[in-house]
Structure formats: C-alpha cells, structure tokens
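Shown here: model_2.txt, compact mmCIF, C-alpha atoms and all ligand atoms.
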```txt
# COMPACT_ATOMS: atom_id res chain seq x y z
CA MET A 18 39.87 164.92 106.09
CA ARG A 19 39.58 163.75 102.46
CA ALA A 20 43.16 164.75 101.72
CA LEU A 21 44.23 162.50 104.61
CA VAL A 22 42.00 159.70 103.35
CA ARG A 23 43.92 159.92 100.07
CA SER A 24 47.27 159.38 101.79
CA PRO A 25 49.07 156.34 100.37
CA ARG A 26 49.81 155.37 103.97
CA ARG A 27 46.10 154.63 104.42
CA PRO A 28 45.86 156.04 107.95
CA GLU A 29 43.10 155.08 110.34
CA LEU A 30 41.16 158.33 110.81
CA LEU A 31 39.10 159.49 113.77
CA CYS A 32 37.05 162.67 113.82
CA ALA A 33 35.43 164.55 116.70
CA PRO A 34 32.64 165.54 116.56
CA GLY A 35 32.21 164.71 112.85
CA ASN A 36 28.99 164.76 110.86
CA PRO A 37 27.10 162.34 108.60
CA GLY A 38 29.45 163.09 105.68
CA ILE A 39 32.68 162.62 107.61
CA ALA A 40 31.31 159.35 109.01
CA ALA A 41 31.91 157.86 105.55
CA ASP A 42 35.64 158.61 105.81
CA ALA A 43 36.46 158.37 109.50
CA ARG A 44 35.37 156.83 112.76
CA VAL A 45 33.39 159.55 114.46
CA LEU A 46 33.87 160.31 118.16
CA ASP A 47 31.04 162.06 119.95
CA ILE A 48 33.16 164.76 121.57
CA ASP A 49 32.53 168.47 121.21
CA ALA A 50 35.31 170.34 119.36
CA GLY A 51 35.57 172.67 122.36
CA ASP A 52 35.95 169.97 125.01
CA ILE A 53 39.73 170.05 125.33
CA ASP A 54 39.98 167.64 128.29
CA ALA A 55 37.87 164.99 126.57
CA LEU A 56 39.79 165.40 123.30
CA VAL A 57 43.12 164.88 125.06
CA VAL A 58 41.83 161.80 126.90
CA ALA A 59 40.48 160.35 123.65
CA ALA A 60 43.73 161.05 121.78
CA ARG A 61 45.67 159.16 124.44
CA ASP A 62 43.20 156.31 124.83
CA GLU A 63 43.04 155.80 121.08
CA ARG A 64 46.84 156.13 120.77
CA VAL A 65 46.46 158.81 118.14
CA ASP A 66 49.72 159.64 116.31
CA LEU A 67 48.74 163.08 115.05
CA VAL A 68 45.91 165.52 115.80
CA VAL A 69 44.89 168.12 113.19
CA PRO A 70 42.50 170.61 114.85
CA GLY A 71 40.03 172.16 112.44
CA PRO A 72 38.38 175.12 114.14
CA GLU A 73 39.98 178.16 115.75
CA VAL A 74 38.06 178.22 119.02
CA PRO A 75 39.79 175.22 120.67
CA LEU A 76 43.18 176.36 119.34
CA VAL A 77 42.77 179.80 120.90
CA ALA A 78 41.67 178.01 124.10
CA GLY A 79 44.84 175.88 124.23
CA LEU A 80 44.03 172.54 122.59
CA ALA A 81 47.47 172.20 120.97
CA ASP A 82 49.24 173.02 124.25
CA ALA A 83 47.19 170.39 126.11
CA LEU A 84 47.89 167.73 123.48
CA VAL A 85 51.61 168.41 123.34
CA ASP A 86 51.78 168.37 127.17
CA ALA A 87 50.10 164.96 127.04
CA GLY A 88 52.69 163.72 124.55
CA VAL A 89 50.41 163.76 121.48
CA ALA A 90 51.73 165.36 118.29
CA CYS A 91 49.52 168.19 117.07
CA PHE A 92 49.59 170.07 113.78
CA GLY A 93 48.15 173.30 115.13
CA PRO A 94 49.38 176.39 116.98
CA SER A 95 49.68 176.94 120.71
CA ALA A 96 47.19 179.31 122.33
CA ALA A 97 49.86 182.02 122.32
CA ALA A 98 50.53 181.64 118.59
CA ALA A 99 46.79 181.30 117.82
CA ARG A 100 46.20 184.82 119.15
CA LEU A 101 47.03 185.89 115.60
CA GLU A 102 43.44 184.91 114.82
CA GLY A 103 42.03 185.33 118.34
CA SER A 104 42.72 189.06 118.47
CA LYS A 105 42.78 191.38 115.49
CA ALA A 106 44.59 194.03 117.53
CA HIS A 107 47.31 191.51 118.44
CA ALA A 108 47.62 190.47 114.79
CA LYS A 109 48.19 194.11 113.88
CA GLU A 110 50.98 194.36 116.48
CA VAL A 111 52.67 191.24 115.10
CA MET A 112 52.38 192.59 111.55
CA ALA A 113 53.99 195.84 112.64
CA ALA A 114 56.83 193.94 114.37
CA ALA A 115 57.31 191.74 111.31
CA GLY A 116 57.17 194.60 108.80
CA VAL A 117 54.11 193.18 107.01
CA SER A 118 51.93 195.71 105.17
CA THR A 119 48.36 195.98 106.38
CA ALA A 120 45.53 198.50 106.27
CA ARG A 121 45.99 201.64 108.41
CA PHE A 122 44.00 201.18 111.61
CA ARG A 123 43.10 202.33 115.12
CA VAL A 124 42.08 200.18 118.06
CA VAL A 125 39.17 201.83 119.89
CA SER A 126 36.99 201.00 122.87
CA ARG A 127 34.34 203.73 122.72
CA VAL A 128 31.87 204.61 119.98
CA GLN A 129 32.88 208.29 119.95
CA GLU A 130 36.53 207.36 119.70
CA GLY A 131 35.71 205.02 116.79
CA MET A 132 33.78 207.72 114.92
CA ALA A 133 36.67 210.14 115.40
CA ALA A 134 39.13 207.60 113.96
CA ILE A 135 37.28 207.39 110.62
CA GLU A 136 38.91 209.40 107.87
CA ARG A 137 36.67 208.50 104.92
CA TYR A 138 33.93 206.12 103.77
CA PRO A 139 33.63 203.27 103.13
CA THR A 140 35.46 202.25 106.27
CA VAL A 141 35.95 198.88 107.92
CA ILE A 142 34.92 198.06 111.48
CA LYS A 143 36.08 194.79 113.02
CA ALA A 144 35.32 193.09 116.31
CA ASP A 145 38.63 192.24 117.97
CA GLY A 146 37.82 188.64 118.93
CA LEU A 147 36.59 185.51 117.18
CA ALA A 148 33.38 186.06 115.22
CA ALA A 149 33.30 183.23 112.64
CA GLY A 150 33.80 185.68 109.78
CA LYS A 151 30.79 187.75 110.79
CA GLY A 152 32.54 190.38 112.91
CA VAL A 153 33.51 192.64 110.02
CA VAL A 154 31.31 195.47 108.80
CA ILE A 155 32.11 197.59 105.77
CA ALA A 156 30.30 200.82 106.56
CA SER A 157 29.48 203.13 103.68
CA ASP A 158 28.40 206.11 105.78
CA ALA A 159 28.44 207.49 109.30
CA GLY A 160 25.08 205.91 110.15
CA GLU A 161 26.28 202.41 109.34
CA ALA A 162 29.58 202.99 111.10
CA ARG A 163 27.88 204.17 114.26
CA ALA A 164 25.45 201.23 114.22
CA ALA A 165 28.35 198.77 113.84
CA LEU A 166 30.37 200.40 116.63
CA GLU A 167 27.34 200.38 118.91
CA ALA A 168 26.60 196.70 118.18
CA MET A 169 30.19 195.72 118.88
CA LEU A 170 31.05 198.03 121.78
CA GLU A 171 27.79 198.71 123.57
CA GLN A 172 25.66 195.65 122.84
CA ARG A 173 28.86 193.56 123.03
CA ARG A 174 27.68 191.35 120.21
CA PHE A 175 31.13 189.74 120.01
CA GLY A 176 32.11 189.92 123.68
CA ASP A 177 33.85 192.45 125.77
CA ALA A 178 36.73 193.49 123.54
CA PRO A 179 37.89 196.59 121.68
CA VAL A 180 37.23 197.22 118.01
CA VAL A 181 39.57 197.86 115.11
CA VAL A 182 38.63 200.69 112.75
CA GLU A 183 40.57 200.46 109.52
CA GLU A 184 41.09 201.89 106.10
CA HIS A 185 39.00 200.28 103.35
CA LEU A 186 41.22 198.68 100.74
CA VAL A 187 40.31 197.99 97.13
CA GLY A 188 41.64 195.16 94.99
CA GLU A 189 41.48 191.42 94.38
CA GLU A 190 41.29 189.26 97.48
CA LEU A 191 43.52 186.27 97.87
CA SER A 192 43.67 183.54 100.48
CA LEU A 193 47.19 182.22 100.82
CA LEU A 194 47.61 179.38 103.28
CA ALA A 195 50.98 177.99 104.33
CA LEU A 196 52.05 174.93 106.27
CA CYS A 197 54.35 176.03 109.11
CA ASP A 198 56.79 174.04 111.24
CA GLY A 199 57.66 176.84 113.67
CA GLU A 200 60.62 177.93 111.55
CA ARG A 201 59.57 177.93 107.94
CA ALA A 202 56.43 178.42 105.90
CA LEU A 203 55.52 176.38 102.84
CA ALA A 204 52.81 177.98 100.68
CA LEU A 205 49.83 175.98 99.53
CA ALA A 206 48.22 176.79 96.18
CA PRO A 207 46.40 180.15 96.32
CA ALA A 208 42.62 180.44 96.44
CA GLN A 209 39.97 183.09 96.24
CA ASP A 210 37.05 183.09 98.66
CA TYR A 211 33.68 184.85 98.34
CA LYS A 212 32.84 186.47 101.66
CA ARG A 213 29.55 188.25 101.02
CA VAL A 214 26.33 186.31 101.12
CA GLY A 215 24.88 187.66 97.87
CA ASP A 216 25.73 187.64 94.17
CA GLY A 217 27.98 190.47 93.05
CA ASP A 218 29.46 190.75 96.57
CA THR A 219 26.33 192.15 98.17
CA GLY A 220 24.86 191.65 101.63
CA PRO A 221 26.62 190.87 104.89
CA ASN A 222 29.96 189.09 105.31
CA THR A 223 29.86 185.36 105.95
CA GLY A 224 32.42 182.65 106.71
CA GLY A 225 32.67 182.15 102.94
CA MET A 226 30.17 181.25 100.20
CA GLY A 227 32.47 179.63 97.66
CA ALA A 228 36.07 179.42 96.52
CA TYR A 229 38.30 178.47 93.65
CA SER A 230 41.92 177.56 93.09
CA PRO A 231 44.35 178.47 91.59
CA VAL A 232 43.97 182.23 91.10
CA PRO A 233 44.65 183.93 87.76
CA GLY A 234 47.81 186.03 87.97
CA VAL A 235 49.15 184.29 91.08
CA ASP A 236 51.40 181.49 89.88
CA ALA A 237 53.54 179.31 92.15
CA ALA A 238 56.47 181.75 92.00
CA ARG A 239 54.27 184.69 93.01
CA ALA A 240 52.72 182.64 95.82
CA ALA A 241 56.19 181.73 97.09
CA THR A 242 57.23 185.41 97.01
CA LEU A 243 54.11 186.46 98.95
CA CYS A 244 54.80 183.70 101.47
CA ALA A 245 58.40 184.89 101.88
CA GLU A 246 57.19 188.48 102.41
CA ILE A 247 54.24 187.78 104.70
CA HIS A 248 54.16 184.36 106.33
CA GLN A 249 57.89 183.97 106.86
CA PRO A 250 58.47 187.29 108.69
CA VAL A 251 55.44 186.59 110.90
CA LEU A 252 56.85 183.16 111.69
CA ASP A 253 60.22 184.69 112.47
CA ALA A 254 58.61 187.29 114.75
CA LEU A 255 56.60 184.68 116.64
CA ARG A 256 59.63 182.44 117.03
CA ALA A 257 61.66 185.37 118.35
CA ALA A 258 58.85 186.07 120.84
CA GLY A 259 59.13 182.50 122.14
CA THR A 260 55.80 181.41 120.64
CA PRO A 261 56.72 179.52 117.44
CA PHE A 262 53.86 178.84 115.06
CA VAL A 263 53.08 175.27 114.01
CA GLY A 264 50.07 174.64 111.83
CA VAL A 265 48.38 176.43 108.95
CA LEU A 266 48.96 180.15 108.78
CA TYR A 267 46.26 181.57 106.55
CA ALA A 268 46.79 185.10 105.27
CA GLY A 269 43.77 186.93 103.87
CA LEU A 270 45.28 189.41 101.41
CA MET A 271 44.09 192.31 99.31
CA LEU A 272 46.15 192.80 96.17
CA THR A 273 45.90 196.58 95.91
CA ALA A 274 47.36 198.87 93.27
CA GLU A 275 50.02 199.77 95.86
CA GLY A 276 50.92 196.13 96.50
CA PRO A 277 49.67 193.29 98.69
CA ARG A 278 48.12 194.16 102.07
CA THR A 279 47.29 191.61 104.75
CA LEU A 280 43.69 191.88 105.99
CA GLU A 281 43.75 189.10 108.55
CA PHE A 282 45.33 185.89 109.71
CA ASN A 283 43.59 182.66 110.49
CA VAL A 284 45.44 179.87 112.26
CA ARG A 285 43.83 176.89 110.53
CA PHE A 286 42.71 175.58 107.18
CA GLY A 287 40.24 178.06 105.66
CA ASP A 288 36.68 177.12 104.94
CA PRO A 289 35.74 176.86 102.02
CA GLU A 290 39.20 177.53 100.52
CA THR A 291 40.53 174.19 101.72
CA GLN A 292 37.84 172.30 99.84
CA ALA A 293 39.10 173.94 96.63
CA VAL A 294 42.84 173.77 97.39
CA LEU A 295 43.46 170.28 98.75
CA PRO A 296 41.77 168.25 95.97
CA ARG A 297 44.48 169.73 93.72
CA LEU A 298 47.32 168.46 95.94
CA ARG A 299 49.09 165.41 94.54
CA SER A 300 51.64 165.05 97.36
CA ASP A 301 50.86 163.21 100.57
CA LEU A 302 49.35 165.76 102.97
CA LEU A 303 49.80 163.46 105.96
CA GLU A 304 53.53 163.25 105.39
CA ALA A 305 53.83 167.07 105.19
CA LEU A 306 51.74 167.64 108.34
CA GLU A 307 53.80 165.12 110.30
CA ARG A 308 57.04 166.72 109.21
CA ALA A 309 55.71 170.14 110.21
CA CYS A 310 55.42 168.95 113.82
CA THR A 311 59.24 169.02 114.12
CA PRO A 312 60.99 172.43 114.07
CA GLY A 313 62.48 172.85 110.60
CA GLY A 314 60.89 169.58 109.47
CA LEU A 315 59.46 171.08 106.29
CA ALA A 316 62.96 171.75 104.92
CA GLY A 317 63.22 170.18 101.49
CA VAL A 318 59.50 169.38 101.24
CA GLU A 319 57.97 170.32 97.91
CA LEU A 320 54.29 170.08 97.17
CA ASP A 321 53.05 168.89 93.81
CA TRP A 322 49.77 170.28 92.41
CA THR A 323 47.60 169.28 89.50
CA SER A 324 47.21 171.95 86.83
CA GLU A 325 43.44 171.45 86.99
CA TRP A 326 41.16 174.09 88.50
CA ALA A 327 38.86 173.49 91.43
CA VAL A 328 35.63 175.32 92.21
CA THR A 329 33.79 174.93 95.52
CA LEU A 330 30.23 176.11 96.05
CA VAL A 331 28.66 176.55 99.46
CA LEU A 332 25.03 175.63 99.94
CA ALA A 333 23.87 177.71 102.90
CA SER A 334 20.69 177.46 104.91
CA ALA A 335 17.78 179.89 104.86
CA GLY A 336 18.54 182.93 106.99
CA TYR A 337 22.35 182.55 106.95
CA PRO A 338 24.37 184.45 108.18
CA THR A 339 21.94 186.33 110.45
CA ALA A 340 19.64 183.55 111.68
CA PRO A 341 20.31 180.20 110.00
CA HIS A 342 17.34 177.88 109.84
CA ILE A 343 18.08 174.29 110.84
CA GLY A 344 16.26 170.98 110.53
CA ASP A 345 15.34 171.25 106.83
CA VAL A 346 15.44 167.90 105.00
CA ILE A 347 18.16 167.65 102.34
CA SER A 348 17.38 165.68 99.20
CA GLY A 349 19.40 164.66 96.15
CA LEU A 350 22.71 163.77 97.82
CA ASP A 351 22.63 160.30 96.25
CA ALA A 352 22.10 161.72 92.78
CA VAL A 353 25.24 163.88 92.67
CA PRO A 354 27.51 162.94 89.72
CA ASP A 355 30.62 160.89 90.60
CA ASP A 356 33.07 163.58 89.54
CA VAL A 357 31.66 166.01 92.12
CA GLU A 358 32.90 165.96 95.71
CA ILE A 359 30.41 166.75 98.47
CA THR A 360 31.74 167.90 101.83
CA HIS A 361 29.34 168.08 104.73
CA ALA A 362 29.56 171.10 107.04
CA GLY A 363 26.31 171.83 108.89
CA THR A 364 24.39 168.59 108.49
CA ALA A 365 22.95 166.04 110.90
CA ARG A 366 21.13 162.72 110.64
CA ARG A 367 17.63 162.79 112.07
CA ASP A 368 15.33 159.76 111.90
CA GLY A 369 17.44 158.33 109.09
CA VAL A 370 17.41 161.43 106.91
CA ILE A 371 20.04 164.14 106.48
CA VAL A 372 18.90 167.57 107.61
CA THR A 373 20.46 171.02 107.78
CA ALA A 374 22.17 171.69 111.11
CA GLY A 375 24.05 174.95 110.61
CA GLY A 376 24.53 178.04 108.47
CA ARG A 377 26.82 176.61 105.84
CA VAL A 378 25.38 173.19 105.10
CA LEU A 379 27.29 171.53 102.25
CA ASN A 380 30.20 172.18 99.92
CA VAL A 381 30.16 171.05 96.33
CA THR A 382 33.58 170.81 94.64
CA ALA A 383 34.51 169.92 91.08
CA LEU A 384 37.77 169.90 89.16
CA GLY A 385 38.12 170.89 85.52
CA ARG A 386 40.79 171.64 82.95
CA ASP A 387 39.90 175.34 83.10
CA PRO A 388 37.79 177.51 85.44
CA ALA A 389 34.72 177.33 83.20
CA ASP A 390 34.84 173.55 83.11
CA ALA A 391 35.23 173.23 86.90
CA ARG A 392 32.53 175.80 87.44
CA SER A 393 29.93 174.13 85.26
CA ALA A 394 30.62 170.72 86.84
CA ALA A 395 30.25 172.18 90.33
CA TYR A 396 26.97 173.96 89.50
CA ALA A 397 25.65 170.79 87.84
CA GLY A 398 26.38 168.94 91.09
CA ALA A 399 24.80 171.61 93.27
CA GLN A 400 21.68 171.64 91.13
CA VAL A 401 20.57 168.18 92.20
CA ILE A 402 20.72 168.96 95.92
CA ALA A 403 17.68 170.61 97.46
CA PHE A 404 16.48 171.86 100.82
CA ASP A 405 14.06 174.61 101.85
CA GLY A 406 15.45 178.12 101.59
CA GLN A 407 18.79 177.00 100.14
CA GLN A 408 21.17 179.86 99.37
CA LEU A 409 23.74 179.43 96.60
CA ARG A 410 25.70 182.24 94.99
CA GLN A 411 25.51 182.06 91.21
CA ASP A 412 28.74 183.93 90.51
CA ILE A 413 31.42 181.80 92.17
CA ALA A 414 34.58 181.69 90.00
CA LEU A 415 32.86 183.69 87.28
CA ARG A 416 35.68 186.25 87.30
CA ALA A 417 38.23 183.48 87.01
CA THR A 418 36.55 182.20 83.86
CA GLU A 419 36.72 185.71 82.40
CA LEU A 420 40.34 186.31 83.45
CA ALA A 421 41.50 182.92 82.24
CA ARG A 422 39.96 183.37 78.80
P1 LIG A 501 38.68 189.66 107.91
O1 LIG A 501 37.94 188.73 108.85
O2 LIG A 501 39.49 190.69 108.61
O3 LIG A 501 39.40 188.98 106.80
O4 LIG A 501 37.55 190.38 107.09
C1 LIG A 501 36.60 189.63 106.37
C2 LIG A 501 36.40 190.24 105.02
O5 LIG A 501 36.06 191.62 105.13
C3 LIG A 501 37.63 190.22 104.15
O6 LIG A 501 37.83 189.01 103.52
C4 LIG A 501 37.31 191.34 103.18
O7 LIG A 501 36.39 190.91 102.21
C5 LIG A 501 36.63 192.34 104.06
N1 LIG A 501 37.63 193.28 104.60
C6 LIG A 501 38.28 193.18 105.77
N2 LIG A 501 39.14 194.21 105.95
C7 LIG A 501 39.02 194.99 104.87
C8 LIG A 501 39.64 196.22 104.43
N3 LIG A 501 40.54 196.86 105.18
N4 LIG A 501 39.28 196.71 103.23
C9 LIG A 501 38.35 196.10 102.46
N5 LIG A 501 37.73 194.94 102.80
C10 LIG A 501 38.05 194.39 103.98
N1 LIG A 502 36.95 181.47 104.45
C1 LIG A 502 37.49 182.20 105.52
C2 LIG A 502 37.74 181.46 106.74
O1 LIG A 502 37.95 180.26 106.75
O2 LIG A 502 37.76 182.08 107.77
```
I'd like the structure from this file rewritten - as structure tokens, please.
Amino acid sequence: MRALVRSPRRPELLCAPGNPGIAADARVLDIDAGDIDALVVAARDERVDLVVPGPEVPLVAGLADALVDAGVACFGPSAAAARLEGSKAHAKEVMAAAGVSTARFRVVSRVQEGMAAIERYPTVIKADGLAAGKGVVIASDAGEARAALEAMLEQRRFGDAPVVVEEHLVGEELSLLALCDGERALALAPAQDYKRVGDGDTGPNTGGMGAYSPVPGVDAARAATLCAEIHQPVLDALRAAGTPFVGVLYAGLMLTAEGPRTLEFNVRFGDPETQAVLPRLRSDLLEALERACTPGGLAGVELDWTSEWAVTLVLASAGYPTAPHIGDVISGLDAVPDDVEITHAGTARRDGVIVTAGGRVLNVTALGRDPADARSAAYAGAQVIAFDGQQLRQDIALRATELAR
C-alpha cells in the first residue's frame, strides 16, 4: 500500500478490509478479504482502475477471475494459476514440467506411507493446502515425523488433503519475488525472511518474523539469473497450459551447495519480505503493476533500487504461532522515530485505542547505508512499542551485518 501511496501519480487508494494503520493511507472499505462477490461489486461501484489482492485465500478462490470477468483490471493470478500456492503437490508437478530444481519428495495420503517415504532425518513434512506458513514441520526423528503426519492426515489440521514428504535441504534461504505479466517475469530485489518463531531459528515455523533486503552475495545480476532459471520457465509452463500467471510470483529458495532449489511458490507479495523490499524501490510501482496487467506489458520495464539496506522486524502477539492472544493494548506508536516505518498487520481500534488483533501485529522497517545501520534503527523503533507478551526476534539481519562486514 505504501509503495502505491508513493506513486507520483498520487492515486486514490481504497483498501478492504484495512486496519487502523492502513486507514492513514487509504479509504478503508468494510469488506472481508474473502468476500469475492462484495469485492467485485465494490470495485465496480467505486470505478476502481486496478485491484491488487494481498492474501492468497481469495486468489485461490477465484477473486482475479471474478474481477476480470466484471471488467476490472487485477494484478493477481487466476484461481488456476494460484494453485501454485494452493497445492504443494501441484507446485511440484509444475516445477517438474518446467525443469525447476526442487527437493526430492513424495506425495502421501496415509501415515504409514509417509513414514515409509522418509529416507533420513531431519525430514520435511508439508500440508498440501494453504496453511499460512504454519503447515510445514521439520521433523528431526521418527516420533516427530509420525506426530506431524498424524496431525495433518488423521486430525486433518489443514483440511482433507494429502501431504508432501520431502528431503531436508541445507543452505541460505532466499525470497525472490517477481512481477509477472503472463509472459515475462521481472525480478524484484531479493530478501531474506526469518521463518522460525525463536532466535537462532528455533521453535515452530511462522508466516515470517522479520526480513531484510538486499541479500549479501545475491546482486542484481544473480537475481536476474535466478529469475530466468526459475520464474521464467514456470511462467512459460503455465502459459503453455492455458493458465498464464499475472501477479507476483514469489519463489522461496534454498541456496544449497549443489545450487539453488525451490522450496515453495507463493502467488502474492510476501509478508514480511515486501515491507523490506518495496521501501527500496525508486521506480513507480503503480506503473509497473498496471503494465503487468497486459500480456507482455513488462517488456522494457526496468526497476530502480536504492543501494540502502532495509530491515523489517515483526512484533508478534503472545502465543503466536500456536494460539495468538488478541486484545492487548499497544502503546508507544506515537513515539516511534520519523525515520522508522510502521506497518500494521494484526491491529484493531477498540474504544479509541489500538489493540492486538492477530498473530503478527506490527512491522517495523528502517533503511540504512549498511545492514548494521538499518538494523539498529529498526530495533530502536521497535523498542518504543509495547504490548503484553510481545514477541520480537533479536537476531533479524544479524547474519547480514556479519557477511557485509
Ligand atoms: P514452505 O512453506 O514450503 O516455504 O516452507 C516454509 C519453510 O520451511 C521454508 O521457508 C523453510 O524454512 C522450511 N523448509 C521448507 N521446505 C524445506 C526443505 N525441503 N528443507 C529445509 N527447510 C525447508
Ligand atoms: N514470508 C512468507 C510468506 O509471505 O508466505
């Protein structure tokens, strides 16, 4: 949203459903992100020129199709193309068809079958469908593997779908997002996300606890090469299948000693990567998104980035990711230094005060001339915000400060 606010074209922005933070930048519509019919009606009534869906659930359910059918331009994939995120097993099939390297895997639908598919520990067990980043378990022994398979297949914690059992890969993780117009992919600056809830990558997986951009060792040329080897073949495969991909194709990569491997695709801007990537963009995002809505429209578009570093910290609520506590009063938002950008995620206004309303509550982003500088500004900003049980990882971008030294 902020990157669109910064557009020199000064667009009028609407956001559904929004939150108290977004209300400062956009007119908020009280429509649930999953209510496709109401969103389409609002887009037509308000004569919206372009819709940019944020979350994956409405995309997988056909929001982009419904908008395009109603004559509203949408920078987001059709339901068919969004299956790349909606089903891990489908994503694996597309990767195989496109010749994209991924972890070795088996799709299983019974616990016994899953146990038999495991070759060594640690191993990775993934729910097939959407799980908001929480459907992945890295099991270090047979007991953990069996418990994860039982939770996913027998207790159906993530619905009635099969499970992917895959090889555990080791290396640096990289989030590489690309704008796609159905025919070509244009890489955004790379980012690194912190998935585990605890310092030193401990505890369960989350939607993401912090991010930074750029990433040491991945310059623009390397990012473009990765995009040509991963995003572009996937785009070509989807186009050949009659389901061209428009929107953000987000590849979660592991840079292993044997080369890059794709762990997953998301079909939208990543959270919190986007909060670290887009403040570094100097080009007009609105212009690029509009062009991406026409097949081949991104031809000739180049994106300009600041050389500064960005670090984003996530302030999460007590109990996240297992059982987030909501309704805790948030203090200090007014005291955050001017050079720190606050992005609201799970917040709400109750009786005139801002309270926690979800697992990941706020993002705190700062820019700096090097990773250490951005990091200390972000932590200084985070320090003034308080709510009961707040969780904040202390090691976000720490490796980047060491690598960049
Ligand atoms: P995914 O939703 O598939 O990206 O998985 C979420 C997180 O789990 C990733 O960002 C990694 O940190 C971890 N992960 C997933 N697959 C693997 C794998 N094959 N090897 C090691 N870690 C993995
Ligand atoms: N940070 C990972 C995601 O957006 O799913």
Please identify all polymer residues within 12 Å of A:Ala238, counting all atoms listed in the file, omitting same-chain residues fewer than 5 positions from it, and present them as a ChimeraX atom specification. /A:204-207,243-245
With only C-alpha atoms as the counted atoms, please give the residues lying no more than 12 Å from A:Glu161, apart from itself and same-chain residues fewer than 2 positions off, as JSON, numbers by chain. {"A": [132, 138, 139, 140, 141, 142, 154, 155, 156, 157, 158, 159, 163, 164, 165, 166, 167, 168]}
What does the file look like for those residues with C-alpha atoms, as a tab-separated table (two decimals), keeping the file's coordinate frame?
```tsv
chain	number	residue	atom	x	y	z
A	132	MET	CA	33.78	207.72	114.92
A	138	TYR	CA	33.93	206.12	103.77
A	139	PRO	CA	33.63	203.27	103.13
A	140	THR	CA	35.46	202.25	106.27
A	141	VAL	CA	35.95	198.88	107.92
A	142	ILE	CA	34.92	198.06	111.48
A	154	VAL	CA	31.31	195.47	108.80
A	155	ILE	CA	32.11	197.59	105.77
A	156	ALA	CA	30.30	200.82	106.56
A	157	SER	CA	29.48	203.13	103.68
A	158	ASP	CA	28.40	206.11	105.78
A	159	ALA	CA	28.44	207.49	109.30
A	163	ARG	CA	27.88	204.17	114.26
A	164	ALA	CA	25.45	201.23	114.22
A	165	ALA	CA	28.35	198.77	113.84
A	166	LEU	CA	30.37	200.40	116.63
A	167	GLU	CA	27.34	200.38	118.91
A	168	ALA	CA	26.60	196.70	118.18
```
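In terms of minimum interatomic distance to ligand LIG 502 (chain A), A:Asp210 ranks closest within A:Asp405, A:Asp210, A:Asp42, A:Glu307, counting only C-alpha atoms and all ligand atoms.
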Test item: residues no farther than 7 Å from ligand LIG 502 (chain A), counting all atoms listed in the file, as a ChimeraX atom specification: /A:149-150,210,224-225,283,286-290
Kindly work out which residues sit at most 9 Å from ligand LIG 501 (chain A), using all atoms listed in the file, and give the list as an MDAnalysis selection string. chainID A and resid 102 105 119:122 139:143 148:155 182:188 190:192 210:213 218 222:225 268:271 278:283
Taking 6 positions as the minimum chain separation for residues in the same chain, which residues sit within 12 Å of A:Asp177 when counting only C-alpha atoms? Answer as number ranges by chain. A: 104, 126-127, 144-147, 168-171
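Shortest separation to A:Ala309 among A:Arg201, A:Arg173, A:His248, A:Arg137 occurs at residue A:Arg201, atoms counted being only C-alpha atoms.
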(24.5, 186.8, 100.1) in this file's frame - what residues fall within 12 Å of it? Use all atoms listed in the file and give the answer as a PyMOL selection string. chain A and resi 211-227+331-339+377+407-413
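Atom pair atom CA of A:Leu31 / atom CA of A:Val353 has a distance of 25.6 Å (rounded to one decimal).
Closest to A:Cys32 among A:Ala99, A:Leu306, A:Ala59, A:Ile53 is A:Ala59, based on only C-alpha atoms.
When the distance limit is 12 Å and only C-alpha atoms are what count, the residues near A:Asp54, minus those fewer than 6 positions from it on the same chain, are Ile48, Ala60, Arg61, Pro75, Ala78, Gly79, Leu80, Ala81, Asp82, Ala83, Leu84, Asp86 and Ala87 of chain A.
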For the point (54.3, 166.5, 101.3) in the file's frame, write as a count of residues only all residues with an atom no more than 8 Å away, counting all atoms listed in the file. 11
Test item: residues at most 8 Å from stretch 380-387 of chain A, all atoms listed in the file, excluding those fewer than 2 positions along its chain, as number ranges by chain: A: 289, 292-293, 324-332, 356-362, 378, 389-392, 394-395, 398-399, 418, 421
Can you sort out the box for stretch 63-80 of chain A, edges along x, y and z, all listed atoms in, 4 Å on every side, with centre and edge lengths in Å to one decimal, as lines of an AutoDock Vina configuration file?
```
center_x = 43.9
center_y = 167.8
center_z = 118.3
size_x = 19.7
size_y = 32.0
size_z = 19.8
```
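Distances here use all atoms listed in the file; by that measure, the residue among A:Cys91, A:Ala96, A:Glu130, A:Glu29 closest to A:Glu63 is A:Glu29.
Between A:Asp49 and the residues A:Ala106, A:Val125, A:Ala33, A:Ala98, the shortest atom-to-atom distance, using all atoms listed in the file, involves A:Ala33.
Distance annotation: of A:Tyr229, A:Phe175, A:Phe92, A:Trp322, the residue with the minimal separation from A:Leu415 is A:Tyr229; atom set is all atoms listed in the file.
Reported to one decimal place, the separation of atom CA of A:Val85 from atom CA of A:Val68 is 9.9 Å.
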Mind dumping a table of every stretch 295-360 of chain A residue within 12 Å of stretch 367-371 of chain A, with the nearest atom pair and its distance in Å to one decimal, using only C-alpha atoms, sorted by chain and rising number, as a tab-separated table?
```
residue	atom	partner	partner_atom	distance
A:Ile343	CA	A:Ile371	CA	11.2
A:Gly344	CA	A:Arg367	CA	8.4
A:Asp345	CA	A:Ile371	CA	8.5
A:Val346	CA	A:Ile371	CA	6.1
A:Ile347	CA	A:Ile371	CA	5.7
A:Ser348	CA	A:Ile371	CA	7.9
A:Gly349	CA	A:Ile371	CA	10.4
A:Leu350	CA	A:Ile371	CA	9.1
A:Asp351	CA	A:Ile371	CA	11.2
```
